[in-house]
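What follows is the content of entry32.cif, which has mmCIF, C-alpha atoms:
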data_final
#
loop_
_atom_site.label_atom_id
_atom_site.label_comp_id
_atom_site.auth_asym_id
_atom_site.auth_seq_id
_atom_site.Cartn_x
_atom_site.Cartn_y
_atom_site.Cartn_z
CA MET A 164 -6.87 18.08 12.69
CA TYR A 165 -6.36 21.28 10.70
CA ARG A 166 -3.43 23.30 12.06
CA ASN A 167 -3.20 26.14 9.50
CA SER A 168 0.04 24.75 8.11
CA ALA A 169 2.53 27.22 6.67
CA GLY A 170 3.16 25.04 3.64
CA ARG A 171 1.89 26.10 0.24
CA PRO A 172 -1.28 24.04 -0.38
CA GLY A 173 -0.60 23.38 -4.07
CA VAL A 174 2.93 22.18 -3.36
CA VAL A 175 1.78 19.91 -0.54
CA LEU A 176 -0.98 18.44 -2.70
CA ALA A 177 1.42 17.81 -5.61
CA ALA A 178 3.96 16.06 -3.38
CA ALA A 179 1.33 13.97 -1.57
CA ALA A 180 -0.35 12.96 -4.84
CA ALA A 181 2.94 11.94 -6.48
CA ALA A 182 3.93 9.89 -3.44
CA GLN A 183 0.58 8.12 -3.25
CA PHE A 184 0.71 7.38 -6.97
CA ALA A 185 4.03 5.57 -6.48
CA VAL A 186 2.74 3.66 -3.46
CA ALA A 187 -0.41 2.52 -5.29
CA LEU A 188 1.46 1.82 -8.52
CA ASP A 189 3.70 -0.73 -6.83
CA MET A 190 0.74 -2.73 -5.55
CA SER A 191 0.01 -3.81 -9.13
CA VAL A 192 2.82 -2.87 -11.51
CA VAL A 193 4.77 -6.12 -11.02
CA ASN A 194 1.84 -8.45 -11.74
CA VAL A 195 2.13 -8.56 -15.52
CA ALA A 196 5.92 -8.82 -15.24
CA LEU A 197 5.80 -11.95 -13.05
CA PRO A 198 6.38 -14.51 -15.85
CA ALA A 199 9.39 -12.52 -17.09
CA ILE A 200 10.70 -12.14 -13.53
CA ARG A 201 10.36 -15.88 -12.92
CA THR A 202 12.34 -16.68 -16.06
CA ALA A 203 15.06 -14.10 -15.39
CA LEU A 204 15.67 -14.80 -11.70
CA GLY A 205 14.76 -18.48 -11.51
CA PHE A 206 11.79 -18.24 -9.14
CA ALA A 207 10.01 -21.43 -8.11
CA PRO A 208 6.31 -21.20 -9.11
CA LEU A 209 5.05 -20.98 -5.52
CA ASP A 210 7.72 -18.48 -4.47
CA LEU A 211 6.77 -16.07 -7.24
CA SER A 212 3.81 -14.75 -5.28
CA TRP A 213 6.19 -13.33 -2.68
CA VAL A 214 7.19 -10.65 -5.17
CA VAL A 215 3.70 -9.27 -4.51
CA HIS A 216 3.30 -10.40 -0.89
CA ALA A 217 6.60 -8.97 0.37
CA TYR A 218 5.50 -5.45 -0.54
CA ALA A 219 1.88 -5.78 0.56
CA LEU A 220 2.68 -7.40 3.93
CA THR A 221 5.36 -4.95 5.03
CA PHE A 222 3.29 -2.00 3.80
CA GLY A 223 0.12 -3.10 5.56
CA GLY A 224 1.89 -4.47 8.63
CA PHE A 225 3.87 -1.31 9.37
CA LEU A 226 1.34 1.27 8.16
CA LEU A 227 -0.01 1.91 11.65
CA LEU A 228 3.53 2.21 12.99
CA GLY A 229 4.39 4.67 10.23
CA GLY A 230 1.39 6.80 11.09
CA ARG A 231 2.37 6.90 14.74
CA ALA A 232 5.95 7.78 13.84
CA CYS A 233 4.62 10.79 11.90
CA ASP A 234 3.01 12.12 15.07
CA LEU A 235 6.16 11.63 17.13
CA TYR A 236 8.92 12.63 14.72
CA GLY A 237 7.25 14.96 12.24
CA ARG A 238 5.23 14.44 9.08
CA ARG A 239 7.64 16.04 6.63
CA ARG A 240 10.58 14.14 8.09
CA MET A 241 8.83 10.78 7.80
CA PHE A 242 7.53 11.68 4.34
CA VAL A 243 11.03 12.40 3.02
CA LEU A 244 12.56 9.42 4.84
CA GLY A 245 9.88 7.04 3.57
CA LEU A 246 10.18 8.20 -0.03
CA THR A 247 13.97 7.99 0.11
CA VAL A 248 13.85 4.39 1.35
CA PHE A 249 11.20 3.59 -1.25
CA GLY A 250 13.33 5.02 -4.06
CA LEU A 251 16.56 3.29 -2.98
CA CYS A 252 14.79 -0.07 -2.69
CA SER A 253 13.23 0.45 -6.12
CA LEU A 254 16.71 0.93 -7.52
CA ALA A 255 17.94 -2.18 -5.70
CA GLY A 256 15.03 -4.20 -7.09
CA GLY A 257 15.71 -3.03 -10.61
CA LEU A 258 19.34 -4.18 -10.26
CA ALA A 259 18.51 -7.50 -8.52
CA ARG A 260 20.43 -10.56 -9.75
CA ASP A 261 18.79 -13.20 -7.57
CA SER A 262 15.27 -13.93 -6.36
CA TRP A 263 15.96 -13.14 -2.69
CA GLN A 264 17.37 -9.75 -3.64
CA LEU A 265 14.16 -8.78 -5.40
CA ILE A 266 11.99 -9.98 -2.52
CA ALA A 267 14.14 -8.05 -0.03
CA ALA A 268 13.85 -4.94 -2.19
CA ARG A 269 10.08 -5.31 -2.35
CA ALA A 270 9.92 -5.60 1.43
CA GLY A 271 12.02 -2.45 1.72
CA GLN A 272 9.64 -0.66 -0.63
CA GLY A 273 6.79 -1.64 1.67
CA LEU A 274 8.57 -0.18 4.69
CA GLY A 275 9.21 3.09 2.87
CA ALA A 276 5.62 3.27 1.68
CA ALA A 277 4.37 2.62 5.23
CA ALA A 278 6.15 5.80 6.34
CA ALA A 279 5.38 8.01 3.33
CA ALA A 280 1.67 7.22 2.83
CA PRO A 281 0.32 8.23 6.28
CA ALA A 282 2.61 11.27 6.30
CA ALA A 283 1.19 12.40 2.96
CA LEU A 284 -2.40 12.01 4.15
CA ALA A 285 -1.65 13.80 7.45
CA LEU A 286 -0.02 16.69 5.59
CA LEU A 287 -3.14 17.10 3.48
CA THR A 288 -5.46 17.23 6.50
CA THR A 289 -3.24 19.77 8.29
CA THR A 290 -2.80 21.96 5.20
CA PHE A 291 -6.38 22.15 3.91
CA PRO A 292 -9.20 23.36 6.20
CA GLU A 293 -12.36 21.34 6.67
CA GLY A 294 -15.07 21.74 4.08
CA PRO A 295 -14.85 21.94 0.28
CA PRO A 296 -11.06 22.66 0.14
CA ARG A 297 -10.21 19.50 2.06
CA VAL A 298 -12.80 17.42 0.19
CA ARG A 299 -11.33 18.53 -3.13
CA ALA A 300 -7.78 17.83 -1.96
CA LEU A 301 -8.70 14.38 -0.69
CA GLY A 302 -10.60 13.81 -3.93
CA VAL A 303 -7.45 14.49 -5.95
CA TRP A 304 -5.46 12.26 -3.60
CA SER A 305 -8.03 9.45 -3.92
CA ALA A 306 -8.19 9.76 -7.71
CA VAL A 307 -4.40 9.57 -7.97
CA ASN A 308 -4.39 6.60 -5.60
CA ALA A 309 -6.96 4.81 -7.75
CA ALA A 310 -5.12 5.70 -10.94
CA GLY A 311 -1.83 4.37 -9.57
CA GLY A 312 -3.29 1.00 -8.67
CA ALA A 313 -5.31 0.66 -11.83
CA LEU A 314 -2.76 1.97 -14.32
CA GLY A 315 0.00 -0.05 -12.68
CA VAL A 316 -1.13 -3.16 -14.54
CA LEU A 317 -1.15 -1.32 -17.88
CA ALA A 318 2.24 0.28 -17.21
CA GLY A 319 3.68 -3.04 -16.09
CA GLY A 320 2.63 -4.70 -19.32
CA LEU A 321 4.00 -1.99 -21.57
CA LEU A 322 7.28 -1.70 -19.67
CA THR A 323 7.82 -5.46 -19.61
CA GLU A 324 7.10 -5.81 -23.31
CA TYR A 325 9.13 -2.90 -24.62
CA ALA A 326 11.73 -2.03 -21.94
CA GLY A 327 12.22 -5.16 -19.83
CA TRP A 328 10.87 -6.28 -16.46
CA ARG A 329 13.47 -4.32 -14.49
CA TRP A 330 11.72 -1.10 -15.46
CA VAL A 331 8.67 -1.99 -13.41
CA MET A 332 10.96 -1.22 -10.46
CA LEU A 333 13.05 1.56 -11.97
CA VAL A 334 9.97 3.51 -13.11
CA ASN A 335 9.50 4.55 -9.48
CA LEU A 336 12.65 6.69 -9.49
CA PRO A 337 11.28 9.63 -11.52
CA VAL A 338 7.99 9.48 -9.58
CA VAL A 339 9.84 9.61 -6.26
CA ALA A 340 11.94 12.50 -7.54
CA ALA A 341 8.75 14.33 -8.55
CA ALA A 342 7.42 13.95 -5.00
CA LEU A 343 10.65 14.78 -3.16
CA GLY A 344 11.19 18.01 -5.08
CA PRO A 345 8.01 19.77 -3.85
CA ALA A 346 8.40 18.19 -0.40
CA LEU A 347 11.84 19.71 0.12
CA ALA A 348 10.86 23.04 -1.42
CA GLY A 349 7.46 23.87 -0.02
CA MET A 350 6.27 21.46 2.66
CA PRO A 351 6.03 22.71 6.25
CA GLY A 352 8.97 21.51 8.31
CA GLY A 353 7.92 22.48 11.80
CA ARG A 354 9.09 20.38 14.71
CA PRO A 355 6.54 17.97 16.20
CA PRO A 356 5.33 18.60 19.73
CA VAL A 357 7.38 16.96 22.48
CA GLN A 358 5.71 13.71 23.49
CA ARG A 359 6.65 10.96 25.86
CA GLU A 360 4.78 8.17 24.13
CA ARG A 361 6.80 5.40 22.54
CA LEU A 362 6.29 3.61 19.27
CA ASP A 363 4.41 0.36 19.61
CA ALA A 364 7.04 -1.64 17.75
CA PRO A 365 6.02 -4.96 19.38
CA GLY A 366 2.46 -4.44 18.14
CA ALA A 367 3.68 -3.86 14.58
CA ALA A 368 5.88 -6.96 14.75
CA LEU A 369 3.02 -9.12 16.06
CA ALA A 370 0.58 -7.90 13.40
CA THR A 371 3.02 -8.28 10.52
CA GLY A 372 4.30 -11.65 11.74
CA GLY A 373 0.78 -12.99 12.22
CA VAL A 374 -0.45 -11.92 8.79
CA GLY A 375 2.78 -13.12 7.17
CA LEU A 376 2.47 -16.60 8.70
CA LEU A 377 -1.19 -16.74 7.70
CA VAL A 378 -0.31 -15.99 4.07
CA LEU A 379 2.62 -18.43 4.16
CA GLY A 380 0.41 -21.21 5.50
CA VAL A 381 -2.23 -20.68 2.82
CA VAL A 382 0.23 -20.31 -0.07
CA ARG A 383 2.03 -23.57 0.76
CA THR A 384 -1.16 -25.65 0.77
CA ASP A 385 -0.66 -26.14 -2.97
CA THR A 386 2.23 -28.49 -2.21
CA LEU A 387 1.72 -29.49 1.43
CA GLY A 388 -2.08 -29.74 1.48
CA TRP A 389 -4.53 -28.50 4.09
CA GLY A 390 -4.11 -31.64 6.19
CA SER A 391 -0.34 -31.27 6.57
CA PRO A 392 0.97 -30.81 10.14
CA VAL A 393 3.24 -28.06 8.80
CA THR A 394 0.24 -26.18 7.42
CA TRP A 395 -1.68 -26.42 10.67
CA ALA A 396 1.37 -25.45 12.73
CA THR A 397 1.90 -22.38 10.56
CA LEU A 398 -1.73 -21.32 10.77
CA ALA A 399 -1.78 -21.95 14.54
CA ALA A 400 1.31 -19.77 14.99
CA ALA A 401 -0.38 -17.05 12.93
CA ALA A 402 -3.48 -17.23 15.14
CA VAL A 403 -1.34 -16.98 18.28
CA LEU A 404 0.52 -13.90 17.02
CA LEU A 405 -2.68 -12.15 15.91
CA ALA A 406 -4.36 -12.92 19.23
CA ALA A 407 -1.30 -11.60 21.03
CA PHE A 408 -1.56 -8.42 18.97
CA VAL A 409 -5.18 -7.89 20.02
CA ILE A 410 -4.30 -8.46 23.67
CA ALA A 411 -1.22 -6.24 23.50
CA GLU A 412 -3.18 -3.35 22.02
CA THR A 413 -5.44 -3.31 25.10
CA ARG A 414 -2.48 -3.03 27.48
CA VAL A 415 -0.12 -0.47 25.99
CA THR A 416 -0.52 3.25 26.62
CA SER A 417 -0.16 4.25 22.98
CA PRO A 418 -1.54 1.39 20.87
CA LEU A 419 -1.26 1.31 17.11
CA LEU A 420 -4.92 0.35 16.88
CA ARG A 421 -7.26 1.53 19.62
CA PRO A 422 -9.84 -1.25 20.17
CA GLY A 423 -12.61 1.28 20.75
CA LEU A 424 -12.12 2.72 17.28
CA LEU A 425 -13.90 -0.21 15.64
CA ARG A 426 -16.95 0.09 17.87
CA SER A 427 -18.38 2.64 15.45
CA ARG A 428 -20.46 0.74 12.93
CA TRP A 429 -19.51 3.17 10.18
CA VAL A 430 -15.78 2.84 10.86
CA ALA A 431 -16.06 -0.95 11.08
CA GLY A 432 -18.28 -1.16 8.00
CA ALA A 433 -16.05 1.08 5.91
CA ASN A 434 -12.98 -0.98 6.87
CA VAL A 435 -14.73 -4.24 5.95
CA LEU A 436 -15.74 -2.84 2.55
CA VAL A 437 -12.23 -1.58 1.82
CA PHE A 438 -10.76 -4.93 2.92
CA LEU A 439 -13.06 -6.91 0.62
CA ALA A 440 -12.57 -4.56 -2.33
CA ALA A 441 -8.78 -4.60 -2.03
CA ALA A 442 -8.68 -8.37 -1.52
CA GLY A 443 -10.72 -8.98 -4.66
CA GLN A 444 -8.93 -6.36 -6.74
CA PHE A 445 -5.34 -7.34 -6.05
CA ALA A 446 -6.01 -11.08 -6.08
CA ALA A 447 -7.61 -10.63 -9.51
CA PHE A 448 -4.63 -8.61 -10.73
CA TYR A 449 -2.29 -11.46 -9.76
CA PHE A 450 -4.23 -14.46 -11.07
CA VAL A 451 -5.76 -12.87 -14.17
CA SER A 452 -2.36 -11.54 -15.27
CA LEU A 453 -0.86 -15.04 -15.05
CA TYR A 454 -3.93 -16.58 -16.73
CA MET A 455 -3.82 -14.23 -19.69
CA GLN A 456 -0.14 -14.86 -20.36
CA GLN A 457 0.34 -18.51 -19.42
CA VAL A 458 -3.05 -19.94 -20.46
CA LEU A 459 -4.35 -17.60 -23.14
CA GLY A 460 -0.89 -16.90 -24.55
CA MET A 461 -1.24 -13.11 -24.55
CA GLY A 462 1.82 -10.88 -24.53
CA ALA A 463 2.69 -8.58 -21.64
CA ALA A 464 1.56 -5.41 -23.45
CA ALA A 465 -1.75 -6.99 -24.53
CA THR A 466 -2.34 -8.22 -20.97
CA GLY A 467 -1.76 -4.77 -19.53
CA THR A 468 -4.04 -3.17 -22.12
CA ALA A 469 -6.81 -5.66 -21.28
CA PHE A 470 -7.04 -4.05 -17.83
CA LEU A 471 -7.63 -0.59 -19.30
CA PRO A 472 -11.48 -0.68 -19.02
CA PHE A 473 -11.17 -1.52 -15.33
CA SER A 474 -8.63 1.27 -14.85
CA LEU A 475 -10.85 3.86 -16.52
CA GLY A 476 -13.88 2.70 -14.54
CA LEU A 477 -11.97 2.97 -11.27
CA VAL A 478 -10.82 6.51 -11.95
CA ALA A 479 -14.28 7.58 -13.15
CA GLY A 480 -15.91 6.08 -10.07
CA THR A 481 -13.51 7.95 -7.80
CA VAL A 482 -14.31 11.28 -9.49
CA VAL A 483 -18.06 10.69 -9.19
CA ALA A 484 -17.78 9.61 -5.54
CA THR A 485 -15.76 12.73 -4.69
CA ARG A 486 -18.42 15.01 -6.16
CA ILE A 487 -21.20 13.16 -4.33
CA THR A 488 -19.36 13.27 -1.01
CA ALA A 489 -18.69 17.00 -1.36
CA SER A 490 -22.42 17.78 -1.21
CA ARG A 491 -23.82 14.80 0.70
CA THR A 492 -22.82 12.32 3.38
CA PRO A 493 -20.32 9.51 2.65
CA ARG A 494 -23.25 7.05 2.80
CA ALA A 495 -24.54 8.44 -0.51
CA SER A 496 -21.54 7.00 -2.39
CA LEU A 497 -20.49 4.20 0.00
CA VAL A 498 -23.69 2.15 -0.16
CA PRO A 499 -24.30 2.32 -3.97
CA GLY A 500 -20.60 1.70 -4.58
CA ALA A 501 -20.64 -1.41 -2.42
CA LEU A 502 -23.73 -2.73 -4.19
#

Just give me the structure of the file as structure tokens.
Amino acid sequence: MYRNSAGRPGVVLAAAAAAQFAVALDMSVVNVALPAIRTALGFAPLDLSWVVHAYALTFGGFLLLGGRACDLYGRRRMFVLGLTVFGLCSLAGGLARDSWQLIAARAGQGLGAAAAAPAALALLTTTFPEGPPRVRALGVWSAVNAAGGALGVLAGGLLTEYAGWRWVMLVNLPVVAAALGPALAGMPGGRPPVQRERLDAPGAALATGGVGLLVLGVVRTDTLGWGSPVTWATLAAAAVLLAAFVIAETRVTSPLLRPGLLRSRWVAGANVLVFLAAAGQFAAFYFVSLYMQQVLGMGAAATGTAFLPFSLGLVAGTVVATRITASRTPRASLVPGAL
């Protein structure tokens, strides 16, 4: 909801865009560097995927919790806290000497991103009024988000080839600094309203644990097989935790995910489309990056450059969709885009 925030709109937009760029960048920047990371830190082949999963799971699993924390403790506070954690964990990952250290750093990045991303989006909606100003601001935010995810593969290849794999983590430090500067200088810092609701930490733990066990069960089928008792036990535990999450959300006073929210066909449909698009995009980043380097014998820089047409198409599509949405309903870009 628009609250006529006292923050300077340009400063807020710059900080939110820089933060979202870093969050999106880290979803893909490590993919091309995976072979170099495996060699340097001695990863087992099946464990290598956790360099990607650790970030994605903690980010997605705690995103709802981060959004709720913004309402309770203040958007600017959570924005600065999230970016600070993200930056420190990026530094820790760049200095990692063992595989578990890098995975822990990636998980920490996900936690920081889960606090910073919803705070950035909330600050935009409270700073820009409804109508063309907000559409344009969200269009910039969406374009930067798309550019971060798409250009992450290109940047990862170039950094790995010419600077070393550690820079796919350390590159976040100047981006975080670019976001924190405007946030501390010009973002509104008003105190949040006093509320008695509590954070639904159990819900976040159930959702993250359930998804994490689901991924673990699927990843290990390469060695254990689908018929293994361990595989079925892991998948069963994941199903139990996810079912418990659904039940818990119907019984708490302040749920992370209100069940009635998905009753809208447009909300449910949009979420399904985003889920499928993200699943295909980031799975392709992971497997195609490994295929190009380990099967086709391409270098890291050449692999990153090979993703450039996709990156340009993604950014161009975002710009076109923003212009269409500004003058028409979201359906005008959602349906053709899905097709």

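This file gives the following result for the PyMOL selection byres ((chain A and resi 397) around 8): Leu376, Leu377, Leu379, Gly380, Val393, Thr394, Trp395, Ala396, Leu398, Ala399, Ala400 and Ala401 of chain A.
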
Please produce a file of the residues just selected, as a compact mmCIF listing (two decimals), in the coordinates of the input, where the atoms kept are C-alpha atoms.
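Output contents, as saved in again_34.txt:
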# COMPACT_ATOMS: atom_id res chain seq x y z
CA LEU A 376 2.47 -16.60 8.70
CA LEU A 377 -1.19 -16.74 7.70
CA LEU A 379 2.62 -18.43 4.16
CA GLY A 380 0.41 -21.21 5.50
CA VAL A 393 3.24 -28.06 8.80
CA THR A 394 0.24 -26.18 7.42
CA TRP A 395 -1.68 -26.42 10.67
CA ALA A 396 1.37 -25.45 12.73
CA LEU A 398 -1.73 -21.32 10.77
CA ALA A 399 -1.78 -21.95 14.54
CA ALA A 400 1.31 -19.77 14.99
CA ALA A 401 -0.38 -17.05 12.93

What box, with edges along x, y and z, holds each listed atom of region 225-229 of chain A when 5 Å is added on every side, and can you state its centre and edge lengths in Å to one decimal, as AutoDock Vina command-line options?
--center_x 2.2 --center_y 1.7 --center_z 10.6 --size_x 14.4 --size_y 16.0 --size_z 14.8

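This file, filtered with the PyMOL selection byres ((chain A and resi 415-428) around 8), gives the residues A:Leu227, A:Leu228, A:Arg231, A:Glu360, A:Arg361, A:Leu362, A:Asp363, A:Gly366, A:Ala367, A:Ala411, A:Glu412, A:Thr413, A:Arg414, A:Trp429, A:Val430, A:Ala431, A:Gly432.
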
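Between Tyr325 (chain A) and the candidates A:Val186, A:Val374, A:Ala464, A:Ala259, the tightest atom-to-atom separation, counting only C-alpha atoms, involves A:Ala464.
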
The PyMOL selection byres ((chain A and resi 449) around 9) resolved against shown file, as a ChimeraX atom specification: /A:191,193-195,197,212,215,444-448,450-454

Env of Leu265 (chain A): 10 Å cut, atoms = all atoms listed in the file, seq-sep filter 2 positions within chain, self excluded. Answer as JSON, numbers by chain. {"A": [200, 204, 213, 214, 217, 252, 253, 255, 256, 257, 258, 259, 260, 261, 262, 263, 267, 268, 269, 270, 271, 332]}

With distances taken over only C-alpha atoms, which of A:Gly173, A:Pro472, A:Gly500, A:Ala187 is nearest to Ala309 (chain A)? A:Ala187

Skipping near chain neighbours, those fewer than 2 positions away, what residues fall within 7 Å of region 238-247 of chain A using only C-alpha atoms, listed as a PyMOL selection string? chain A and resi 233-234+236+249-251+275-276+278-279+282-283+286+339+343+350-352

If I put a ball of radius 12 Å at (-7.2, -2.9, -19.0) in the file's coordinates, which residues poke into it when counting only C-alpha atoms, written as an NGL selection string? :A and (195 or 310 or 312-321 or 448 or 451-452 or 455 or 463-477)

Convert the current residue selection to file output with C-alpha atoms, as a PDB file, keeping the file's coordinate frame.
ATOM      1  CA  VAL A 195       2.130  -8.560 -15.520  1.00  0.00           C
ATOM      2  CA  ALA A 310      -5.120   5.700 -10.940  1.00  0.00           C
ATOM      3  CA  GLY A 312      -3.290   1.000  -8.670  1.00  0.00           C
ATOM      4  CA  ALA A 313      -5.310   0.660 -11.830  1.00  0.00           C
ATOM      5  CA  LEU A 314      -2.760   1.970 -14.320  1.00  0.00           C
ATOM      6  CA  GLY A 315       0.000  -0.050 -12.680  1.00  0.00           C
ATOM      7  CA  VAL A 316      -1.130  -3.160 -14.540  1.00  0.00           C
ATOM      8  CA  LEU A 317      -1.150  -1.320 -17.880  1.00  0.00           C
ATOM      9  CA  ALA A 318       2.240   0.280 -17.210  1.00  0.00           C
ATOM     10  CA  GLY A 319       3.680  -3.040 -16.090  1.00  0.00           C
ATOM     11  CA  GLY A 320       2.630  -4.700 -19.320  1.00  0.00           C
ATOM     12  CA  LEU A 321       4.000  -1.990 -21.570  1.00  0.00           C
ATOM     13  CA  PHE A 448      -4.630  -8.610 -10.730  1.00  0.00           C
ATOM     14  CA  VAL A 451      -5.760 -12.870 -14.170  1.00  0.00           C
ATOM     15  CA  SER A 452      -2.360 -11.540 -15.270  1.00  0.00           C
ATOM     16  CA  MET A 455      -3.820 -14.230 -19.690  1.00  0.00           C
ATOM     17  CA  ALA A 463       2.690  -8.580 -21.640  1.00  0.00           C
ATOM     18  CA  ALA A 464       1.560  -5.410 -23.450  1.00  0.00           C
ATOM     19  CA  ALA A 465      -1.750  -6.990 -24.530  1.00  0.00           C
ATOM     20  CA  THR A 466      -2.340  -8.220 -20.970  1.00  0.00           C
ATOM     21  CA  GLY A 467      -1.760  -4.770 -19.530  1.00  0.00           C
ATOM     22  CA  THR A 468      -4.040  -3.170 -22.120  1.00  0.00           C
ATOM     23  CA  ALA A 469      -6.810  -5.660 -21.280  1.00  0.00           C
ATOM     24  CA  PHE A 470      -7.040  -4.050 -17.830  1.00  0.00           C
ATOM     25  CA  LEU A 471      -7.630  -0.590 -19.300  1.00  0.00           C
ATOM     26  CA  PRO A 472     -11.480  -0.680 -19.020  1.00  0.00           C
ATOM     27  CA  PHE A 473     -11.170  -1.520 -15.330  1.00  0.00           C
ATOM     28  CA  SER A 474      -8.630   1.270 -14.850  1.00  0.00           C
ATOM     29  CA  LEU A 475     -10.850   3.860 -16.520  1.00  0.00           C
ATOM     30  CA  GLY A 476     -13.880   2.700 -14.540  1.00  0.00           C
ATOM     31  CA  LEU A 477     -11.970   2.970 -11.270  1.00  0.00           C
TER      32      LEU A 477
END

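One distance worth recording is that between CA of Gln183 (chain A) and CA of Leu405 (chain A), which is 28.1 Å.
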
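What separates CA of Asp385 (chain A) from CA of Gly224 (chain A) is a distance of 24.7 Å.
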
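For the pair CA of Thr288 (chain A) and CA of Leu176 (chain A), the separation is 10.3 Å.
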
I'd like the contact shell of Ala370 (chain A) - 9 Å cut-off, all atoms listed in the file, skipping same-chain residues fewer than 6 positions apart - returned as a PyMOL selection string. chain A and resi 224-225+404-405+407-409

9 Å contact set for Val482 (chain A), only C-alpha atoms, chain neighbours under 3 positions out, as a list in words: Gly302, Val303, Ser305, Ala306, Leu477, Val478, Ala479, Thr485, Arg486 and Ile487 of chain A

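Distance check against Val483 (chain A) using only C-alpha atoms: of A:Ala326, A:Ala346, A:Arg299, A:Arg171, the minimum falls on A:Arg299.
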
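Shortest separation to Met190 (chain A) among A:Leu502, A:Leu369, A:Leu336, A:Val331 occurs at residue A:Val331, atoms counted being only C-alpha atoms.
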
Under the rule that all atoms listed in the file are counted, which of A:Gly390, A:Gly223, A:Gly480, A:Gly229 is the nearest residue to Ala285 (chain A)? A:Gly229

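Proximity ranking of A:Gln264, A:Asn335, A:Thr384, A:Thr202 relative to Ala185 (chain A) places A:Asn335 first, based on all atoms listed in the file.
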
File output, region 274-279 of chain A (all heavy atoms) as a PDB file, in the first residue's frame:
ATOM      1  N   LEU A 274      19.893 -16.416   3.085  1.00  0.00           N
ATOM      2  CA  LEU A 274      19.190 -15.796   4.208  1.00  0.00           C
ATOM      3  C   LEU A 274      19.195 -14.270   4.080  1.00  0.00           C
ATOM      4  O   LEU A 274      18.175 -13.611   4.298  1.00  0.00           O
ATOM      5  CB  LEU A 274      19.845 -16.211   5.523  1.00  0.00           C
ATOM      6  CG  LEU A 274      19.603 -17.655   5.976  1.00  0.00           C
ATOM      7  CD1 LEU A 274      20.437 -17.954   7.216  1.00  0.00           C
ATOM      8  CD2 LEU A 274      18.127 -17.884   6.265  1.00  0.00           C
ATOM      9  N   GLY A 275      20.342 -13.707   3.731  1.00  0.00           N
ATOM     10  CA  GLY A 275      20.404 -12.265   3.563  1.00  0.00           C
ATOM     11  C   GLY A 275      19.519 -11.782   2.437  1.00  0.00           C
ATOM     12  O   GLY A 275      18.812 -10.771   2.564  1.00  0.00           O
ATOM     13  N   ALA A 276      19.518 -12.516   1.326  1.00  0.00           N
ATOM     14  CA  ALA A 276      18.670 -12.146   0.199  1.00  0.00           C
ATOM     15  C   ALA A 276      17.195 -12.240   0.549  1.00  0.00           C
ATOM     16  O   ALA A 276      16.384 -11.439   0.082  1.00  0.00           O
ATOM     17  CB  ALA A 276      18.987 -13.038  -0.997  1.00  0.00           C
ATOM     18  N   ALA A 277      16.829 -13.221   1.389  1.00  0.00           N
ATOM     19  CA  ALA A 277      15.430 -13.393   1.780  1.00  0.00           C
ATOM     20  C   ALA A 277      14.932 -12.233   2.621  1.00  0.00           C
ATOM     21  O   ALA A 277      13.720 -12.002   2.701  1.00  0.00           O
ATOM     22  CB  ALA A 277      15.263 -14.701   2.552  1.00  0.00           C
ATOM     23  N   ALA A 278      15.826 -11.492   3.256  1.00  0.00           N
ATOM     24  CA  ALA A 278      15.433 -10.303   4.006  1.00  0.00           C
ATOM     25  C   ALA A 278      15.460  -9.059   3.127  1.00  0.00           C
ATOM     26  O   ALA A 278      14.566  -8.201   3.214  1.00  0.00           O
ATOM     27  CB  ALA A 278      16.357 -10.113   5.207  1.00  0.00           C
ATOM     28  N   ALA A 279      16.472  -8.953   2.258  1.00  0.00           N
ATOM     29  CA  ALA A 279      16.642  -7.734   1.462  1.00  0.00           C
ATOM     30  C   ALA A 279      15.641  -7.628   0.319  1.00  0.00           C
ATOM     31  O   ALA A 279      15.131  -6.537   0.034  1.00  0.00           O
ATOM     32  CB  ALA A 279      18.067  -7.677   0.908  1.00  0.00           C
TER      33      ALA A 279
END
